[in-house]
Amino acid sequence: MITVKALDRNTGKISDGHKASQIDQLCAREKTVVWVDVPDPTDADFERLANEFKFHPLSIEDSRNAHQRPKVEEYHGYYFIVLYEARRSEGGRALELAELDIFLGTNYLVTVHSNEIRAIETASRLWPEWLDRGEPSAGLLAYLLMDAVVDDYMPLLDEMSDRMDELEDEIFGEFDATAIHEIFFIKKQLVFMRRAVAPLRDVFNTLLRREQPIFEREIYMYYQDVFDHLIRVADTIDSLRDLLGSTMDAYLSISGNRMNVVMKRLTSISTILMSVTLVAGIYGMNFDHMPELHWRYGYVFALMAMVGVGVAIYAYLRKIDWL
């Protein structure tokens, strides 16, 4: 269901509960900022947006077709922005991206989304508090919305960083062979998140160029702040990817070293057994004129020889740290 809020810039009061049929009347009022939120849009909703705001058919088509690349497109009198909010799935492990489409005009903001967006609730809560901090325009409202989206990336990255520290302890402490699965899982999440973050730099570069006089000059400093946060997020993702690569290299190195130790021990045990078997094989040959064959202490001598050879080789292997 379409929800409509309107800000009277003269009084500083925000009213809601307006009907979708009142959108054109609200937008026609001077000193009024209109926020139209369209969750789970239908074909009728897209048709209404196209009629009420005269949006370009290409922007309506992009909004209608989900899974767009994060981007900003300039049309006559408004921007069309696509960005993604990151969050954990209901199970709390997998990473999900929820698409948010924004139509940003001079005195209106239209948000279209098929999933629940936490940033919309955050922006709605902060909007009345920020009216006295800057020009109460659609640009300020868009800033609150996009700032909430970008800021939500950092807690997820902090969780991944903490998990990577735990993986390092598992690898360098009591080696956990299953850690490689978690390493690849985090790597996949970082790649997933980077696809949503990296294109946003171009989005804010376009907004900061000021090619369309949609919002006041003083609003741009807020967008610069979001851009700085975005650069920090992107740098953190790249840093975590580098650390993850180092962790993977450490895992492979330790795994290889452990394999070498196992092979050395198996080789040592095989060497001892082969030496003992050599003595047993010699005394196991069936020759009539074999020395010690009929000797009373031949059996004991053969056993002592096998033990002596085995102990001597064991001592040597311990000395060279193979056992």
# chains A, B, ... in the order shown; residues from 1 in each chain; ligands from 1
$ closest_atom_pairs --of "region 67-132 of chain A" --to "region 43-51 of chain A" --cutoff "12 Å" --atoms "only C-alpha atoms" --output "Markdown table"
| residue | atom | partner | partner_atom | distance |
| --- | --- | --- | --- | --- |
| A:Phe103 | CA | A:Leu49 | CA | 10.1 |
| A:Tyr108 | CA | A:Leu49 | CA | 12.0 |
| A:Leu109 | CA | A:Leu49 | CA | 11.6 |
| A:Val110 | CA | A:Leu49 | CA | 8.8 |
| A:Thr111 | CA | A:Leu49 | CA | 10.8 |
| A:Val112 | CA | A:Phe46 | CA | 9.4 |
| A:His113 | CA | A:Phe46 | CA | 11.7 |
$ closest_residue --among "A:Leu156, A:Ile219, A:Val191, A:Met274" --to "Leu144 (chain A)" --atoms "only C-alpha atoms"
A:Ile219
$ residues_around --residues "region 237-251 of chain A" --least-positions-apart "2" --cutoff "10 Å" --atoms "only C-alpha atoms" --output "NGL selection string"
:A and (153-154 or 157-158 or 160-161 or 164-165 or 167-168 or 170-172 or 175-177 or 179-180 or 183-184 or 186-188 or 190-191 or 193-194 or 197-198 or 231-235 or 253-257)
$ write_last_selection --atoms "N, CA and C atoms" --output "CSV table (one decimal), in the first residue's frame"
chain,number,residue,atom,x,y,z
A,153,TYR,N,26.3,-1.1,6.8
A,153,TYR,CA,27.3,-2.0,6.3
A,153,TYR,C,28.4,-2.2,7.4
A,154,MET,N,28.7,-1.2,8.2
A,154,MET,CA,29.8,-1.4,9.1
A,154,MET,C,29.6,-2.4,10.2
A,157,LEU,N,30.5,-5.7,8.7
A,157,LEU,CA,31.9,-5.9,8.5
A,157,LEU,C,32.6,-6.1,9.8
A,158,ASP,N,32.2,-5.5,10.9
A,158,ASP,CA,32.8,-5.7,12.2
A,158,ASP,C,32.5,-7.2,12.6
A,160,MET,N,32.2,-9.7,10.6
A,160,MET,CA,33.1,-10.5,9.8
A,160,MET,C,34.6,-10.4,10.4
A,161,SER,N,35.0,-9.2,10.8
A,161,SER,CA,36.3,-9.1,11.3
A,161,SER,C,36.5,-9.9,12.6
A,164,MET,N,36.9,-13.5,11.7
A,164,MET,CA,38.2,-13.8,11.2
A,164,MET,C,39.2,-13.9,12.3
A,165,ASP,N,39.1,-13.1,13.3
A,165,ASP,CA,40.0,-13.2,14.4
A,165,ASP,C,39.8,-14.6,15.1
A,167,LEU,N,38.8,-17.3,13.6
A,167,LEU,CA,39.4,-18.3,12.7
A,167,LEU,C,40.9,-18.4,12.9
A,168,GLU,N,41.5,-17.2,13.0
A,168,GLU,CA,43.0,-17.2,13.2
A,168,GLU,C,43.4,-17.9,14.5
A,170,GLU,N,41.7,-20.3,15.8
A,170,GLU,CA,41.4,-21.8,15.6
A,170,GLU,C,42.5,-22.4,14.8
A,171,ILE,N,43.1,-21.6,13.8
A,171,ILE,CA,44.1,-22.1,12.9
A,171,ILE,C,45.5,-22.2,13.6
A,172,PHE,N,45.8,-21.1,14.3
A,172,PHE,CA,47.2,-21.1,15.0
A,172,PHE,C,47.1,-21.8,16.4
A,175,PHE,N,44.5,-26.6,15.7
A,175,PHE,CA,44.2,-26.5,14.2
A,175,PHE,C,42.8,-27.2,14.0
A,176,ASP,N,41.9,-26.4,13.3
A,176,ASP,CA,40.6,-26.9,13.0
A,176,ASP,C,40.5,-27.0,11.5
A,177,ALA,N,40.5,-28.3,11.0
A,177,ALA,CA,40.5,-28.5,9.5
A,177,ALA,C,39.2,-28.0,8.9
A,179,ALA,N,38.0,-25.1,9.3
A,179,ALA,CA,38.0,-23.6,9.2
A,179,ALA,C,38.0,-23.1,7.8
A,180,ILE,N,38.5,-24.0,6.9
A,180,ILE,CA,38.6,-23.6,5.4
A,180,ILE,C,37.2,-23.3,4.9
A,183,ILE,N,36.3,-19.8,6.0
A,183,ILE,CA,37.0,-18.9,5.3
A,183,ILE,C,36.4,-18.6,3.9
A,184,PHE,N,36.0,-19.6,3.2
A,184,PHE,CA,35.4,-19.4,1.9
A,184,PHE,C,34.0,-18.8,2.0
A,186,ILE,N,33.1,-16.6,4.3
A,186,ILE,CA,33.3,-15.1,4.6
A,186,ILE,C,33.8,-14.4,3.3
A,187,LYS,N,34.6,-15.1,2.5
A,187,LYS,CA,35.1,-14.6,1.3
A,187,LYS,C,33.9,-14.3,0.3
A,188,LYS,N,33.0,-15.3,0.3
A,188,LYS,CA,31.9,-15.1,-0.6
A,188,LYS,C,31.0,-13.9,-0.1
A,190,LEU,N,32.0,-11.2,1.5
A,190,LEU,CA,32.7,-10.0,1.1
A,190,LEU,C,32.6,-9.6,-0.3
A,191,VAL,N,32.7,-10.6,-1.2
A,191,VAL,CA,32.5,-10.4,-2.6
A,191,VAL,C,31.1,-9.9,-2.9
A,193,MET,N,29.1,-8.3,-0.8
A,193,MET,CA,28.9,-7.0,-0.3
A,193,MET,C,29.6,-6.0,-1.2
A,194,ARG,N,30.8,-6.3,-1.7
A,194,ARG,CA,31.5,-5.4,-2.5
A,194,ARG,C,30.8,-5.0,-3.8
A,197,VAL,N,28.6,-2.2,-2.8
A,197,VAL,CA,29.2,-1.0,-2.3
A,197,VAL,C,30.0,-0.3,-3.4
A,198,ALA,N,30.8,-1.0,-4.1
A,198,ALA,CA,31.7,-0.3,-5.1
A,198,ALA,C,31.0,0.6,-6.1
A,231,ILE,N,33.5,5.4,1.4
A,231,ILE,CA,34.9,5.1,1.1
A,231,ILE,C,35.5,4.2,2.3
A,232,ARG,N,35.1,4.6,3.5
A,232,ARG,CA,35.6,3.8,4.6
A,232,ARG,C,35.1,2.3,4.5
A,233,VAL,N,33.8,2.2,4.2
A,233,VAL,CA,33.3,0.8,4.0
A,233,VAL,C,34.0,0.1,2.9
A,234,ALA,N,34.2,0.7,1.8
A,234,ALA,CA,34.9,0.1,0.7
A,234,ALA,C,36.3,-0.3,1.1
A,235,ASP,N,37.0,0.6,1.8
A,235,ASP,CA,38.4,0.3,2.2
A,235,ASP,C,38.4,-0.9,3.2
A,253,SER,N,49.4,-23.2,4.7
A,253,SER,CA,50.8,-23.5,5.1
A,253,SER,C,50.8,-24.4,6.3
A,254,ILE,N,50.0,-24.1,7.3
A,254,ILE,CA,49.9,-25.0,8.5
A,254,ILE,C,49.4,-26.4,8.2
A,255,SER,N,48.4,-26.4,7.3
A,255,SER,CA,47.9,-27.8,6.8
A,255,SER,C,49.0,-28.5,6.1
A,256,GLY,N,49.8,-27.9,5.3
A,256,GLY,CA,50.9,-28.5,4.6
A,256,GLY,C,52.0,-29.0,5.6
A,257,ASN,N,52.3,-28.2,6.6
A,257,ASN,CA,53.3,-28.5,7.6
A,257,ASN,C,52.8,-29.7,8.4
$ atom_distance --atom1 "CA of His67 (chain A)" --atom2 "CA of Tyr143 (chain A)"
22.5 Å
$ residues_around --residues "region 122-139 of chain A" --least-positions-apart "5" --cutoff "9 Å" --atoms "only C-alpha atoms" --output "compact mmCIF listing (two decimals) with N, CA and C atoms, in the first residue's frame"
# COMPACT_ATOMS: atom_id res chain seq x y z
N LEU A 7 5.68 17.31 4.28
CA LEU A 7 6.28 18.27 5.20
C LEU A 7 5.94 19.68 4.75
N ARG A 9 7.05 23.16 4.95
CA ARG A 9 8.31 23.81 5.30
C ARG A 9 8.08 25.13 6.04
N GLY A 12 7.01 23.49 9.57
CA GLY A 12 7.91 22.44 10.05
C GLY A 12 7.18 21.21 10.56
N LYS A 13 5.92 21.06 10.17
CA LYS A 13 5.13 19.91 10.62
C LYS A 13 5.04 18.86 9.51
N ILE A 14 5.11 17.61 9.92
CA ILE A 14 5.01 16.48 8.98
C ILE A 14 3.67 15.81 9.19
N LYS A 31 6.55 25.17 -0.96
CA LYS A 31 7.12 24.91 0.36
C LYS A 31 6.60 23.61 0.97
N THR A 32 6.36 22.61 0.15
CA THR A 32 5.92 21.30 0.63
C THR A 32 6.84 20.22 0.08
N VAL A 33 7.27 19.33 0.97
CA VAL A 33 8.10 18.19 0.59
C VAL A 33 7.26 16.93 0.77
N VAL A 34 7.20 16.11 -0.27
CA VAL A 34 6.35 14.92 -0.26
C VAL A 34 7.23 13.67 -0.30
N TRP A 35 6.93 12.74 0.60
CA TRP A 35 7.61 11.44 0.61
C TRP A 35 6.57 10.36 0.32
N LEU A 104 14.36 10.92 -6.76
CA LEU A 104 14.63 12.13 -5.98
C LEU A 104 14.42 13.36 -6.85
N GLY A 105 13.41 14.15 -6.48
CA GLY A 105 13.11 15.38 -7.20
C GLY A 105 13.32 16.60 -6.33
N THR A 106 12.89 17.74 -6.83
CA THR A 106 13.10 18.99 -6.11
C THR A 106 12.35 19.02 -4.79
N ASN A 107 11.10 18.61 -4.79
CA ASN A 107 10.31 18.65 -3.57
C ASN A 107 9.62 17.32 -3.28
N TYR A 108 10.18 16.25 -3.78
CA TYR A 108 9.57 14.93 -3.51
C TYR A 108 10.63 13.85 -3.46
N LEU A 109 10.31 12.80 -2.74
CA LEU A 109 11.14 11.60 -2.67
C LEU A 109 10.20 10.40 -2.77
N LEU A 144 19.25 11.28 4.81
CA LEU A 144 18.97 10.43 5.96
C LEU A 144 18.77 8.98 5.54
N LEU A 145 18.12 8.79 4.43
CA LEU A 145 17.83 7.44 3.94
C LEU A 145 19.11 6.74 3.50
N MET A 146 19.90 7.42 2.67
CA MET A 146 21.11 6.79 2.15
C MET A 146 22.19 6.64 3.23
N ASP A 147 22.23 7.58 4.16
CA ASP A 147 23.19 7.46 5.26
C ASP A 147 22.87 6.24 6.12
N ALA A 148 21.60 5.97 6.36
CA ALA A 148 21.21 4.79 7.14
C ALA A 148 21.59 3.51 6.41
N ILE A 214 18.65 20.29 -7.81
CA ILE A 214 17.50 19.67 -7.15
C ILE A 214 17.44 20.06 -5.68
N PHE A 215 18.60 20.16 -5.01
CA PHE A 215 18.58 20.55 -3.60
C PHE A 215 19.64 21.60 -3.35
N GLU A 216 19.55 22.24 -2.20
CA GLU A 216 20.36 23.39 -1.87
C GLU A 216 21.83 23.02 -1.70
N GLU A 218 23.89 23.71 0.70
CA GLU A 218 24.30 23.27 2.03
C GLU A 218 24.03 21.79 2.26
N ILE A 219 23.16 21.19 1.44
CA ILE A 219 22.88 19.76 1.57
C ILE A 219 24.06 18.93 1.09
N TYR A 220 24.88 19.48 0.23
CA TYR A 220 25.96 18.70 -0.36
C TYR A 220 26.99 18.27 0.68
$ select_by_dssp --residues "region 167-317 of chain A" --states "alpha helix (DSSP H)" --output "PyMOL selection string"
chain A and resi 167-172+179-197+200-208+220-283+298-317
$ select_by_dssp --residues "region 58-270 of chain A" --states "strand (DSSP E)" --output "VMD selection string"
chain A and resid 71 to 75 78 to 88 95 to 105 108 to 113
$ decode --residues "region 62-74 of chain A" --atoms "N, CA and C atoms" --output "compact mmCIF listing (two decimals), in the first residue's frame"
# COMPACT_ATOMS: atom_id res chain seq x y z
N ASP A 62 13.20 0.24 -15.10
CA ASP A 62 14.28 -0.23 -14.22
C ASP A 62 13.77 -0.54 -12.83
N SER A 63 12.87 0.28 -12.34
CA SER A 63 12.31 0.05 -11.01
C SER A 63 11.41 -1.19 -11.00
N ARG A 64 10.73 -1.41 -12.10
CA ARG A 64 9.83 -2.57 -12.19
C ARG A 64 10.62 -3.88 -12.23
N ASN A 65 11.78 -3.85 -12.94
CA ASN A 65 12.61 -5.04 -13.06
C ASN A 65 13.65 -5.03 -11.94
N ALA A 66 13.51 -5.95 -11.01
CA ALA A 66 14.37 -5.99 -9.83
C ALA A 66 15.78 -6.44 -10.20
N HIS A 67 16.66 -6.41 -9.18
CA HIS A 67 18.06 -6.84 -9.31
C HIS A 67 18.84 -5.94 -10.28
N GLN A 68 18.61 -4.65 -10.17
CA GLN A 68 19.38 -3.71 -10.95
C GLN A 68 20.75 -3.49 -10.29
N ARG A 69 21.69 -3.07 -11.07
CA ARG A 69 23.01 -2.73 -10.54
C ARG A 69 22.90 -1.40 -9.78
N PRO A 70 23.60 -1.26 -8.62
CA PRO A 70 23.58 0.05 -7.94
C PRO A 70 24.04 1.16 -8.88
N LYS A 71 23.23 2.19 -8.98
CA LYS A 71 23.53 3.23 -9.98
C LYS A 71 22.72 4.48 -9.69
N VAL A 72 23.03 5.54 -10.43
CA VAL A 72 22.24 6.76 -10.44
C VAL A 72 22.09 7.19 -11.89
N GLU A 73 20.87 7.56 -12.26
CA GLU A 73 20.59 8.03 -13.61
C GLU A 73 19.91 9.40 -13.51
N GLU A 74 20.34 10.30 -14.35
CA GLU A 74 19.81 11.65 -14.35
C GLU A 74 18.73 11.79 -15.42
